[in-house]
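query_23.txt follows (compact mmCIF, C-alpha atoms):
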```
# COMPACT_ATOMS: atom_id res chain seq x y z
CA MET Q 1117 0.00 0.00 0.00
CA HIS Q 1118 1.34 3.38 -1.00
CA VAL Q 1119 2.30 5.66 1.87
CA GLY Q 1120 0.13 8.75 1.86
CA LEU Q 1121 -0.92 11.61 4.07
CA GLU Q 1122 -2.95 9.42 6.42
CA HIS Q 1123 0.08 7.31 7.33
CA TYR Q 1124 2.08 10.36 8.38
CA LEU Q 1125 -0.91 11.74 10.29
CA THR Q 1126 -1.32 8.43 12.14
CA VAL Q 1127 2.32 8.52 13.25
CA SER Q 1128 1.87 12.14 14.31
CA PHE Q 1129 -1.27 11.34 16.34
CA LEU Q 1130 0.38 8.38 18.07
CA LEU Q 1131 3.42 10.47 18.95
CA PHE Q 1132 1.19 13.23 20.33
CA ALA Q 1133 -0.67 10.67 22.46
CA LEU Q 1134 2.65 9.32 23.76
CA GLY Q 1135 3.75 12.82 24.74
CA LEU Q 1136 0.45 13.52 26.48
CA LEU Q 1137 0.71 10.21 28.34
CA GLY Q 1138 4.20 11.19 29.50
CA VAL Q 1139 3.01 14.61 30.70
CA ILE Q 1140 0.20 13.02 32.71
CA MET Q 1141 2.02 9.96 34.04
CA ARG Q 1142 5.57 10.97 34.81
CA ARG Q 1143 6.44 12.83 38.01
CA ASN Q 1144 9.89 14.11 37.12
CA LEU Q 1145 9.79 17.72 35.93
CA LEU Q 1146 12.53 17.19 33.33
CA VAL Q 1147 10.88 14.10 31.81
CA ILE Q 1148 7.59 16.02 31.65
CA TYR Q 1149 9.47 18.69 29.70
CA MET Q 1150 10.83 16.07 27.28
CA SER Q 1151 7.30 14.78 26.74
CA LEU Q 1152 6.24 18.33 25.86
CA GLU Q 1153 8.96 18.34 23.22
CA LEU Q 1154 7.53 15.10 21.84
CA MET Q 1155 4.11 16.73 21.48
CA LEU Q 1156 5.62 19.74 19.68
CA ASN Q 1157 7.45 17.39 17.33
CA ALA Q 1158 4.23 15.52 16.58
CA ALA Q 1159 2.61 18.81 15.54
CA ASN Q 1160 5.64 19.59 13.37
CA LEU Q 1161 5.34 16.24 11.61
CA ALA Q 1162 1.66 16.81 10.85
CA LEU Q 1163 2.40 20.29 9.47
CA VAL Q 1164 5.21 19.06 7.22
CA ALA Q 1165 3.03 16.21 5.93
CA PHE Q 1166 0.17 18.61 5.13
CA SER Q 1167 2.62 20.98 3.43
CA ARG Q 1168 3.97 18.15 1.28
CA PHE Q 1169 0.63 16.70 0.21
CA ASN Q 1170 -1.10 20.05 -0.38
CA ASN Q 1171 1.78 21.42 -2.47
CA LYS Q 1172 2.19 24.48 -0.27
CA LEU Q 1173 5.42 25.53 1.39
CA ASP Q 1174 3.73 27.62 4.10
CA GLY Q 1175 3.49 24.68 6.49
CA GLN Q 1176 7.25 24.27 6.48
CA VAL Q 1177 7.75 27.97 7.25
CA LEU Q 1178 5.39 27.52 10.20
CA VAL Q 1179 7.42 24.52 11.40
CA PHE Q 1180 10.55 26.68 11.18
CA PHE Q 1181 8.92 29.25 13.48
CA ILE Q 1182 7.70 26.50 15.84
CA ILE Q 1183 11.23 25.12 16.17
CA THR Q 1184 12.55 28.61 16.97
CA VAL Q 1185 9.89 29.27 19.59
CA ALA Q 1186 10.40 25.78 21.06
CA ALA Q 1187 14.12 26.47 21.48
CA ALA Q 1188 13.36 29.73 23.32
CA GLU Q 1189 10.73 27.97 25.42
CA VAL Q 1190 13.12 25.18 26.42
CA SER Q 1191 15.80 27.63 27.51
CA VAL Q 1192 13.40 29.66 29.66
CA GLY Q 1193 11.73 26.55 31.10
CA LEU Q 1194 15.01 24.90 32.05
CA ALA Q 1195 16.20 28.13 33.69
CA LEU Q 1196 12.97 28.12 35.72
CA ILE Q 1197 13.54 24.48 36.73
CA VAL Q 1198 17.09 25.26 37.83
CA ALA Q 1199 15.89 28.27 39.87
CA LEU Q 1200 13.18 26.10 41.43
CA TYR Q 1201 15.66 23.35 42.27
CA ARG Q 1202 17.98 25.85 43.96
CA ARG Q 1203 15.17 26.90 46.27
CA ARG Q 1204 13.46 23.55 46.92
CA ARG Q 1205 16.18 20.93 46.28
CA SER Q 1206 13.70 18.84 44.27
CA ALA Q 1207 12.54 18.42 40.68
CA HIS Q 1208 9.63 16.19 41.53
CA VAL Q 1209 6.11 17.52 40.93
CA GLU Q 1210 4.70 15.93 44.07
CA ASP Q 1211 7.13 17.97 46.20
CA LEU Q 1212 6.05 21.24 44.58
CA THR Q 1213 2.60 21.71 46.04
CA SER Q 1214 2.81 25.10 47.74
CA MET Q 1215 0.23 26.54 45.32
CA LYS Q 1216 -2.18 23.68 46.01
CA PHE Q 1217 -5.38 24.85 47.68
CA MET J 1391 9.74 -1.20 -7.56
CA ALA J 1392 11.05 2.35 -7.72
CA ASN J 1393 8.31 3.51 -5.40
CA THR J 1394 8.53 0.84 -2.73
CA PHE J 1395 11.90 1.77 -1.21
CA PRO J 1396 10.74 5.11 0.33
CA ASP J 1397 7.67 3.30 1.64
CA ILE J 1398 9.84 0.73 3.44
CA LEU J 1399 11.96 3.58 4.80
CA PHE J 1400 8.81 5.29 6.05
CA TYR J 1401 7.81 2.24 8.05
CA VAL J 1402 11.35 1.87 9.46
CA PHE J 1403 11.49 5.52 10.57
CA ALA J 1404 7.91 5.48 11.88
CA VAL J 1405 8.58 2.42 14.06
CA LEU J 1406 11.86 3.95 15.27
CA THR J 1407 10.16 7.26 16.11
CA LEU J 1408 7.29 5.69 18.02
CA GLY J 1409 9.44 3.07 19.77
CA CYS J 1410 12.03 5.56 20.97
CA GLY J 1411 9.23 7.98 21.94
CA ALA J 1412 7.68 5.25 24.10
CA LEU J 1413 11.07 4.62 25.71
CA VAL J 1414 11.38 8.36 26.51
CA ILE J 1415 8.27 8.35 28.68
CA ALA J 1416 8.45 4.83 30.14
CA ASN J 1417 11.69 2.88 30.14
CA PRO J 1418 11.35 -0.48 31.90
CA PHE J 1419 15.11 -0.75 32.49
CA SER J 1420 16.06 2.67 33.78
CA ARG J 1421 14.34 5.57 35.51
CA ASN J 1422 17.29 7.86 34.90
CA PRO J 1423 16.44 11.13 33.08
CA VAL J 1424 19.68 10.83 31.07
CA THR J 1425 18.32 7.68 29.40
CA SER J 1426 15.13 9.54 28.51
CA ALA J 1427 17.18 12.37 26.98
CA MET J 1428 19.19 9.89 24.91
CA PHE J 1429 16.04 8.25 23.57
CA LEU J 1430 14.68 11.73 22.80
CA VAL J 1431 17.76 12.23 20.59
CA LEU J 1432 16.95 9.00 18.73
CA THR J 1433 13.31 10.05 18.32
CA ILE J 1434 14.33 13.40 16.87
CA ILE J 1435 16.88 11.90 14.47
CA SER J 1436 14.39 9.35 13.13
CA MET J 1437 11.86 12.18 12.77
CA ALA J 1438 14.43 14.05 10.70
CA GLY J 1439 14.45 10.94 8.51
CA LEU J 1440 10.69 11.28 8.10
CA PHE J 1441 11.20 14.94 7.13
CA VAL J 1442 13.66 13.85 4.43
CA LEU J 1443 11.07 11.38 3.12
CA LEU J 1444 8.63 14.33 2.94
CA HIS J 1445 11.25 16.29 0.93
CA ALA J 1446 11.66 18.84 3.74
CA PHE J 1447 15.45 18.78 3.56
CA PHE J 1448 16.05 22.14 5.21
CA LEU J 1449 13.80 21.29 8.14
CA ALA J 1450 15.51 17.92 8.59
CA ALA J 1451 18.84 19.71 8.94
CA VAL J 1452 17.35 22.32 11.29
CA GLN J 1453 15.73 19.57 13.34
CA ILE J 1454 19.05 17.82 13.90
CA LEU J 1455 20.98 21.05 14.49
CA VAL J 1456 18.51 22.74 16.84
CA TYR J 1457 16.94 19.79 18.66
CA ALA J 1458 19.61 17.10 18.74
CA GLY J 1459 22.37 19.68 18.88
CA ALA J 1460 21.15 22.48 21.12
CA VAL J 1461 18.03 21.46 23.03
CA ILE J 1462 19.25 18.02 24.13
CA VAL J 1463 22.63 19.39 25.16
CA LEU J 1464 20.76 21.94 27.27
CA PHE J 1465 18.66 19.14 28.81
CA LEU J 1466 21.74 17.07 29.60
CA PHE J 1467 23.51 20.09 31.11
CA VAL J 1468 20.58 20.73 33.42
CA ILE J 1469 20.20 17.05 34.38
CA MET J 1470 23.86 16.82 35.29
CA LEU J 1471 23.85 20.23 36.99
CA LEU J 1472 20.97 19.18 39.21
CA ASP J 1473 22.63 15.80 39.87
CA LEU J 1474 19.30 13.97 39.86
CA LYS J 1475 19.41 10.51 41.27
CA ALA J 1476 17.51 7.81 39.44
CA GLU J 1477 13.89 8.38 40.27
CA THR J 1478 12.80 6.09 43.07
CA MET J 1479 9.73 4.04 42.40
CA ARG J 1480 6.99 5.97 44.12
CA ARG J 1481 3.60 4.50 44.59
CA ILE J 1482 1.61 5.29 41.44
CA LYS J 1483 -1.75 6.75 42.28
CA ILE J 1484 -4.32 4.46 40.69
CA TYR J 1485 -6.81 7.27 39.98
CA GLY J 1486 -4.18 9.31 38.17
CA PHE J 1487 -3.19 6.26 36.14
CA ILE J 1488 -6.78 5.50 35.08
CA ALA J 1489 -7.49 9.16 34.33
CA GLY J 1490 -4.36 9.39 32.18
CA ILE J 1491 -5.14 6.26 30.18
CA VAL J 1492 -8.77 7.29 29.64
CA SER J 1493 -8.01 10.86 28.56
CA VAL J 1494 -5.21 9.85 26.20
CA GLY J 1495 -7.35 7.06 24.74
CA ALA J 1496 -10.23 9.50 24.22
CA ILE J 1497 -8.02 12.02 22.43
CA LEU J 1498 -6.55 9.29 20.26
CA ALA J 1499 -10.05 8.02 19.44
CA ILE J 1500 -11.13 11.54 18.40
CA PHE J 1501 -8.04 11.88 16.19
CA MET J 1502 -8.55 8.53 14.50
CA LYS J 1503 -12.26 9.12 13.96
CA SER J 1504 -11.64 12.52 12.38
CA LEU J 1505 -8.91 11.00 10.23
CA GLY J 1506 -11.32 8.34 9.01
CA ALA J 1507 -14.11 10.86 8.38
CA THR J 1508 -12.03 13.34 6.37
CA PRO J 1509 -11.51 12.73 2.67
CA LEU J 1510 -7.81 13.18 1.94
CA ASN J 1511 -6.65 13.79 -1.59
CA SER J 1512 -3.18 12.33 -1.23
CA ASP J 1513 -3.28 10.74 -4.67
CA SER J 1514 -2.18 13.86 -6.53
CA ALA J 1515 1.55 13.78 -7.12
CA PRO J 1516 3.26 16.06 -4.59
CA ALA J 1517 5.72 18.42 -6.21
CA VAL J 1518 6.76 20.78 -3.41
CA GLU J 1519 10.43 20.67 -2.42
CA GLY J 1520 11.58 22.02 0.93
CA ASN J 1521 14.98 23.21 -0.24
CA THR J 1522 16.73 26.23 1.19
CA GLU J 1523 16.01 28.42 -1.81
CA PRO J 1524 12.18 28.38 -2.01
CA LEU J 1525 11.90 28.32 1.77
CA GLY J 1526 14.25 31.29 2.14
CA LYS J 1527 12.42 33.21 -0.58
CA LEU J 1528 9.11 32.68 1.22
CA LEU J 1529 10.67 33.54 4.58
CA PHE J 1530 12.16 36.84 3.43
CA THR J 1531 9.22 38.05 1.34
CA HIS J 1532 5.87 36.90 2.63
CA TYR J 1533 6.88 36.00 6.17
CA VAL J 1534 9.43 38.71 6.85
CA VAL J 1535 7.48 40.35 9.70
CA PRO J 1536 7.05 37.12 11.75
CA PHE J 1537 10.73 36.42 11.07
CA GLU J 1538 11.74 39.71 12.68
CA VAL J 1539 9.29 39.20 15.56
CA VAL J 1540 10.87 35.80 16.25
CA SER J 1541 14.28 37.44 16.48
CA VAL J 1542 12.90 39.81 19.13
CA LEU J 1543 11.41 36.79 20.93
CA LEU J 1544 14.81 35.10 21.03
CA LEU J 1545 16.36 38.27 22.48
CA VAL J 1546 13.64 38.44 25.15
CA ALA J 1547 14.17 34.76 26.02
CA MET J 1548 17.91 35.33 26.31
CA VAL J 1549 17.47 38.30 28.68
CA GLY J 1550 14.92 36.34 30.71
CA VAL J 1551 17.20 33.32 31.08
CA ILE J 1552 20.12 35.48 32.20
CA LEU J 1553 17.89 37.19 34.77
CA LEU J 1554 16.48 33.87 36.02
CA SER J 1555 19.91 32.30 36.39
CA LYS J 1556 21.31 35.07 38.59
CA LYS J 1557 22.24 33.83 42.02
CA ASN J 1558 20.16 36.22 44.10
CA LEU J 1559 17.05 37.61 42.50
CA ASP J 1560 16.18 40.95 44.04
```
Give the structure from this file in structure tokens form.
Amino acid sequence: MHVGLEHYLTVSFLLFALGLLGVIMRRNLLVIYMSLELMLNAANLALVAFSRFNNKLDGQVLVFFIITVAAAEVSVGLALIVALYRRRRSAHVEDLTSMKF
Amino acid sequence: MANTFPDILFYVFAVLTLGCGALVIANPFSRNPVTSAMFLVLTIISMAGLFVLLHAFFLAAVQILVYAGAVIVLFLFVIMLLDLKAETMRRIKIYGFIAGIVSVGAILAIFMKSLGATPLNSDSAPAVEGNTEPLGKLLFTHYVVPFEVVSVLLLVAMVGVILLSKKNLD
């Protein structure tokens, strides 16, 4: 069977579900962050596939912007995690409950 | 015969991407975050392979340079800076586990149903090539304003990170 748009979209959906599962299940702040990266990558894959099969380059430009913003987001998020760890000595979400009502 | 080789490569890269992605979030052998980061590298490299199969050559290079080169190095720096011990097996809350499985399954079901319900015209021969030249032309003509805004965003992120990393915030 010839590989078409739906195959790429299926891979993208499964990867997004994996990332979401990681965000919900894991308790380590850094692994949660990696799962977020997985979800961003799944969106990128869907955009590139749509761009290829609709004969439009705009999707790839959007992926370029997403990669840039993701790099900025990772740097700020990791700086926040480091600042948090300095104060609390923990990168575990169950130890960070001071905002819990 | 000429068309089957990229199809085989697609399945190889798809299985690699999903398998390594699963090992990022749940590795049965190791709970160490460094292992997760290494499998994230493998996921990203096999996804760059998928980009090459979609003729997005520039994005495949950017993916490897930015993600595998910069982002993962940043992750590894932070993991080793924090000196995280391998995560001890804490008792998994059964309600959280069930809620996670149900919500992810529901989202996946919605995705698959919408994929089945949408007519996709993927039979027309794709002709778009993601080389540097057409992408750069588009980026510097039609998308020049977002391009400049992104540069400002990177500057803001840099200033923010420097401020956050200062020893005593006051």
Residue list for chain Q near chain J as a ChimeraX atom specification, 6 Å, only C-alpha atoms: /Q:1119-1121,1133,1138,1140,1169,1171,1188,1192,1195
Please save C-alpha atoms of the selected residues as a CSV table (one decimal), in the coordinates of the input.
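Written output follows (selection_17.csv):
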```csv
chain,number,residue,atom,x,y,z
Q,1119,VAL,CA,2.3,5.7,1.9
Q,1120,GLY,CA,0.1,8.8,1.9
Q,1121,LEU,CA,-0.9,11.6,4.1
Q,1133,ALA,CA,-0.7,10.7,22.5
Q,1138,GLY,CA,4.2,11.2,29.5
Q,1140,ILE,CA,0.2,13.0,32.7
Q,1169,PHE,CA,0.6,16.7,0.2
Q,1171,ASN,CA,1.8,21.4,-2.5
Q,1188,ALA,CA,13.4,29.7,23.3
Q,1192,VAL,CA,13.4,29.7,29.7
Q,1195,ALA,CA,16.2,28.1,33.7
```
Select, from J:Ala1451, J:Val1402, J:Cys1410, J:Leu1432, the residue with the minimum atom-to-atom distance to J:Thr1522, counting all atoms listed in the file.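 The shortest atom-to-atom distance to J:Thr1522 comes from J:Ala1451.
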Using all atoms listed in the file: which of J:Phe1395, J:Leu1406, J:Ala1458, J:Thr1425 has the shortest distance to Q:Leu1146: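 With all atoms listed in the file as the atom set, the closest residue is J:Thr1425.
Between atom CA of Q:Glu1189 and atom CA of Q:Arg1203 the interatomic distance comes to 21.3 Å.
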Excluding Q:Ala1159 and its own-chain neighbours fewer than 6 positions away, which residues fall within 10 Å of it when counting only C-alpha atoms? Please give them as a PyMOL selection string. chain Q and resi 1125+1128-1129+1131-1132+1153+1165+1179+1182
Restricting the output to C-alpha atoms, write the selected residues as a PDB file, in the frame of the given file.
```pdb
ATOM      1  CA  LEU Q1125      -0.910  11.740  10.290  1.00  0.00           C
ATOM      2  CA  SER Q1128       1.870  12.140  14.310  1.00  0.00           C
ATOM      3  CA  PHE Q1129      -1.270  11.340  16.340  1.00  0.00           C
ATOM      4  CA  LEU Q1131       3.420  10.470  18.950  1.00  0.00           C
ATOM      5  CA  PHE Q1132       1.190  13.230  20.330  1.00  0.00           C
ATOM      6  CA  GLU Q1153       8.960  18.340  23.220  1.00  0.00           C
ATOM      7  CA  ALA Q1165       3.030  16.210   5.930  1.00  0.00           C
ATOM      8  CA  VAL Q1179       7.420  24.520  11.400  1.00  0.00           C
ATOM      9  CA  ILE Q1182       7.700  26.500  15.840  1.00  0.00           C
TER      10      ILE Q1182
END
```
Straight-line distance linking atom CA of Q:Glu1122 with atom CA of J:Ser1504, stated in Å to one decimal: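 Between atom CA of Q:Glu1122 and atom CA of J:Ser1504 the gap is 11.0 Å.
Picture a line from atom CA of J:Val1431 to atom CA of Q:Ala1186; it runs 15.4 Å.
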Which is closer to Q:Ala1207 than all the others in Q:Leu1194, Q:Val1185, Q:Leu1152, Q:Leu1134, using only C-alpha atoms?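 Of Q:Leu1194, Q:Val1185, Q:Leu1152, Q:Leu1134, the one nearest Q:Ala1207, counting only C-alpha atoms, is Q:Leu1194.
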Give the padded box for stretch 1196-1214 of chain Q as AutoDock Vina command-line options: axis-aligned, covering all atoms listed in the file, 6 Å on each side, centre and edge lengths in Å to one decimal.
```
--center_x 10.3 --center_y 22.1 --center_z 41.7 --size_x 27.4 --size_y 24.3 --size_z 24.0
```
Test item: write stretch 1399-1503 of chain J with C-alpha atoms as a PDB file, in the first residue's frame:
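Full text of decode37.pdb as output:
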```pdb
ATOM      1  CA  LEU J1399      11.963   3.577   4.801  1.00  0.00           C
ATOM      2  CA  PHE J1400       8.805   5.293   6.046  1.00  0.00           C
ATOM      3  CA  TYR J1401       7.809   2.241   8.055  1.00  0.00           C
ATOM      4  CA  VAL J1402      11.346   1.873   9.463  1.00  0.00           C
ATOM      5  CA  PHE J1403      11.485   5.520  10.572  1.00  0.00           C
ATOM      6  CA  ALA J1404       7.911   5.484  11.884  1.00  0.00           C
ATOM      7  CA  VAL J1405       8.579   2.423  14.058  1.00  0.00           C
ATOM      8  CA  LEU J1406      11.855   3.952  15.265  1.00  0.00           C
ATOM      9  CA  THR J1407      10.161   7.259  16.114  1.00  0.00           C
ATOM     10  CA  LEU J1408       7.285   5.688  18.024  1.00  0.00           C
ATOM     11  CA  GLY J1409       9.442   3.067  19.770  1.00  0.00           C
ATOM     12  CA  CYS J1410      12.026   5.564  20.972  1.00  0.00           C
ATOM     13  CA  GLY J1411       9.229   7.980  21.936  1.00  0.00           C
ATOM     14  CA  ALA J1412       7.685   5.252  24.099  1.00  0.00           C
ATOM     15  CA  LEU J1413      11.074   4.624  25.711  1.00  0.00           C
ATOM     16  CA  VAL J1414      11.378   8.357  26.507  1.00  0.00           C
ATOM     17  CA  ILE J1415       8.273   8.348  28.678  1.00  0.00           C
ATOM     18  CA  ALA J1416       8.452   4.828  30.144  1.00  0.00           C
ATOM     19  CA  ASN J1417      11.688   2.882  30.137  1.00  0.00           C
ATOM     20  CA  PRO J1418      11.353  -0.480  31.903  1.00  0.00           C
ATOM     21  CA  PHE J1419      15.110  -0.754  32.488  1.00  0.00           C
ATOM     22  CA  SER J1420      16.062   2.665  33.783  1.00  0.00           C
ATOM     23  CA  ARG J1421      14.341   5.569  35.507  1.00  0.00           C
ATOM     24  CA  ASN J1422      17.294   7.856  34.900  1.00  0.00           C
ATOM     25  CA  PRO J1423      16.440  11.133  33.075  1.00  0.00           C
ATOM     26  CA  VAL J1424      19.681  10.835  31.072  1.00  0.00           C
ATOM     27  CA  THR J1425      18.318   7.679  29.403  1.00  0.00           C
ATOM     28  CA  SER J1426      15.134   9.541  28.509  1.00  0.00           C
ATOM     29  CA  ALA J1427      17.177  12.371  26.983  1.00  0.00           C
ATOM     30  CA  MET J1428      19.195   9.895  24.907  1.00  0.00           C
ATOM     31  CA  PHE J1429      16.038   8.254  23.566  1.00  0.00           C
ATOM     32  CA  LEU J1430      14.678  11.727  22.796  1.00  0.00           C
ATOM     33  CA  VAL J1431      17.758  12.233  20.587  1.00  0.00           C
ATOM     34  CA  LEU J1432      16.955   8.999  18.733  1.00  0.00           C
ATOM     35  CA  THR J1433      13.306  10.047  18.315  1.00  0.00           C
ATOM     36  CA  ILE J1434      14.329  13.401  16.869  1.00  0.00           C
ATOM     37  CA  ILE J1435      16.880  11.904  14.469  1.00  0.00           C
ATOM     38  CA  SER J1436      14.393   9.352  13.125  1.00  0.00           C
ATOM     39  CA  MET J1437      11.865  12.176  12.775  1.00  0.00           C
ATOM     40  CA  ALA J1438      14.431  14.054  10.696  1.00  0.00           C
ATOM     41  CA  GLY J1439      14.454  10.937   8.507  1.00  0.00           C
ATOM     42  CA  LEU J1440      10.685  11.275   8.103  1.00  0.00           C
ATOM     43  CA  PHE J1441      11.201  14.937   7.131  1.00  0.00           C
ATOM     44  CA  VAL J1442      13.663  13.855   4.431  1.00  0.00           C
ATOM     45  CA  LEU J1443      11.075  11.382   3.117  1.00  0.00           C
ATOM     46  CA  LEU J1444       8.628  14.329   2.936  1.00  0.00           C
ATOM     47  CA  HIS J1445      11.251  16.292   0.934  1.00  0.00           C
ATOM     48  CA  ALA J1446      11.660  18.837   3.737  1.00  0.00           C
ATOM     49  CA  PHE J1447      15.446  18.780   3.564  1.00  0.00           C
ATOM     50  CA  PHE J1448      16.050  22.137   5.206  1.00  0.00           C
ATOM     51  CA  LEU J1449      13.797  21.291   8.137  1.00  0.00           C
ATOM     52  CA  ALA J1450      15.511  17.922   8.593  1.00  0.00           C
ATOM     53  CA  ALA J1451      18.844  19.714   8.942  1.00  0.00           C
ATOM     54  CA  VAL J1452      17.354  22.320  11.285  1.00  0.00           C
ATOM     55  CA  GLN J1453      15.729  19.568  13.341  1.00  0.00           C
ATOM     56  CA  ILE J1454      19.049  17.824  13.901  1.00  0.00           C
ATOM     57  CA  LEU J1455      20.981  21.051  14.491  1.00  0.00           C
ATOM     58  CA  VAL J1456      18.512  22.740  16.835  1.00  0.00           C
ATOM     59  CA  TYR J1457      16.940  19.791  18.657  1.00  0.00           C
ATOM     60  CA  ALA J1458      19.606  17.104  18.736  1.00  0.00           C
ATOM     61  CA  GLY J1459      22.369  19.680  18.875  1.00  0.00           C
ATOM     62  CA  ALA J1460      21.152  22.478  21.122  1.00  0.00           C
ATOM     63  CA  VAL J1461      18.034  21.464  23.034  1.00  0.00           C
ATOM     64  CA  ILE J1462      19.248  18.021  24.126  1.00  0.00           C
ATOM     65  CA  VAL J1463      22.630  19.392  25.158  1.00  0.00           C
ATOM     66  CA  LEU J1464      20.757  21.939  27.274  1.00  0.00           C
ATOM     67  CA  PHE J1465      18.658  19.140  28.806  1.00  0.00           C
ATOM     68  CA  LEU J1466      21.745  17.069  29.604  1.00  0.00           C
ATOM     69  CA  PHE J1467      23.510  20.094  31.105  1.00  0.00           C
ATOM     70  CA  VAL J1468      20.576  20.726  33.425  1.00  0.00           C
ATOM     71  CA  ILE J1469      20.198  17.045  34.383  1.00  0.00           C
ATOM     72  CA  MET J1470      23.864  16.816  35.285  1.00  0.00           C
ATOM     73  CA  LEU J1471      23.852  20.228  36.989  1.00  0.00           C
ATOM     74  CA  LEU J1472      20.970  19.183  39.214  1.00  0.00           C
ATOM     75  CA  ASP J1473      22.628  15.798  39.874  1.00  0.00           C
ATOM     76  CA  LEU J1474      19.302  13.973  39.862  1.00  0.00           C
ATOM     77  CA  LYS J1475      19.408  10.513  41.274  1.00  0.00           C
ATOM     78  CA  ALA J1476      17.509   7.807  39.445  1.00  0.00           C
ATOM     79  CA  GLU J1477      13.889   8.376  40.267  1.00  0.00           C
ATOM     80  CA  THR J1478      12.798   6.094  43.074  1.00  0.00           C
ATOM     81  CA  MET J1479       9.731   4.042  42.402  1.00  0.00           C
ATOM     82  CA  ARG J1480       6.990   5.974  44.121  1.00  0.00           C
ATOM     83  CA  ARG J1481       3.604   4.502  44.585  1.00  0.00           C
ATOM     84  CA  ILE J1482       1.610   5.293  41.444  1.00  0.00           C
ATOM     85  CA  LYS J1483      -1.751   6.748  42.279  1.00  0.00           C
ATOM     86  CA  ILE J1484      -4.321   4.458  40.688  1.00  0.00           C
ATOM     87  CA  TYR J1485      -6.811   7.268  39.983  1.00  0.00           C
ATOM     88  CA  GLY J1486      -4.182   9.306  38.174  1.00  0.00           C
ATOM     89  CA  PHE J1487      -3.186   6.258  36.141  1.00  0.00           C
ATOM     90  CA  ILE J1488      -6.778   5.500  35.083  1.00  0.00           C
ATOM     91  CA  ALA J1489      -7.492   9.165  34.326  1.00  0.00           C
ATOM     92  CA  GLY J1490      -4.361   9.386  32.178  1.00  0.00           C
ATOM     93  CA  ILE J1491      -5.138   6.258  30.181  1.00  0.00           C
ATOM     94  CA  VAL J1492      -8.770   7.295  29.636  1.00  0.00           C
ATOM     95  CA  SER J1493      -8.007  10.863  28.562  1.00  0.00           C
ATOM     96  CA  VAL J1494      -5.206   9.855  26.196  1.00  0.00           C
ATOM     97  CA  GLY J1495      -7.351   7.064  24.743  1.00  0.00           C
ATOM     98  CA  ALA J1496     -10.229   9.500  24.224  1.00  0.00           C
ATOM     99  CA  ILE J1497      -8.023  12.022  22.434  1.00  0.00           C
ATOM    100  CA  LEU J1498      -6.546   9.286  20.259  1.00  0.00           C
ATOM    101  CA  ALA J1499     -10.051   8.020  19.436  1.00  0.00           C
ATOM    102  CA  ILE J1500     -11.130  11.538  18.401  1.00  0.00           C
ATOM    103  CA  PHE J1501      -8.041  11.876  16.187  1.00  0.00           C
ATOM    104  CA  MET J1502      -8.547   8.531  14.496  1.00  0.00           C
ATOM    105  CA  LYS J1503     -12.261   9.123  13.965  1.00  0.00           C
TER     106      LYS J1503
END
```
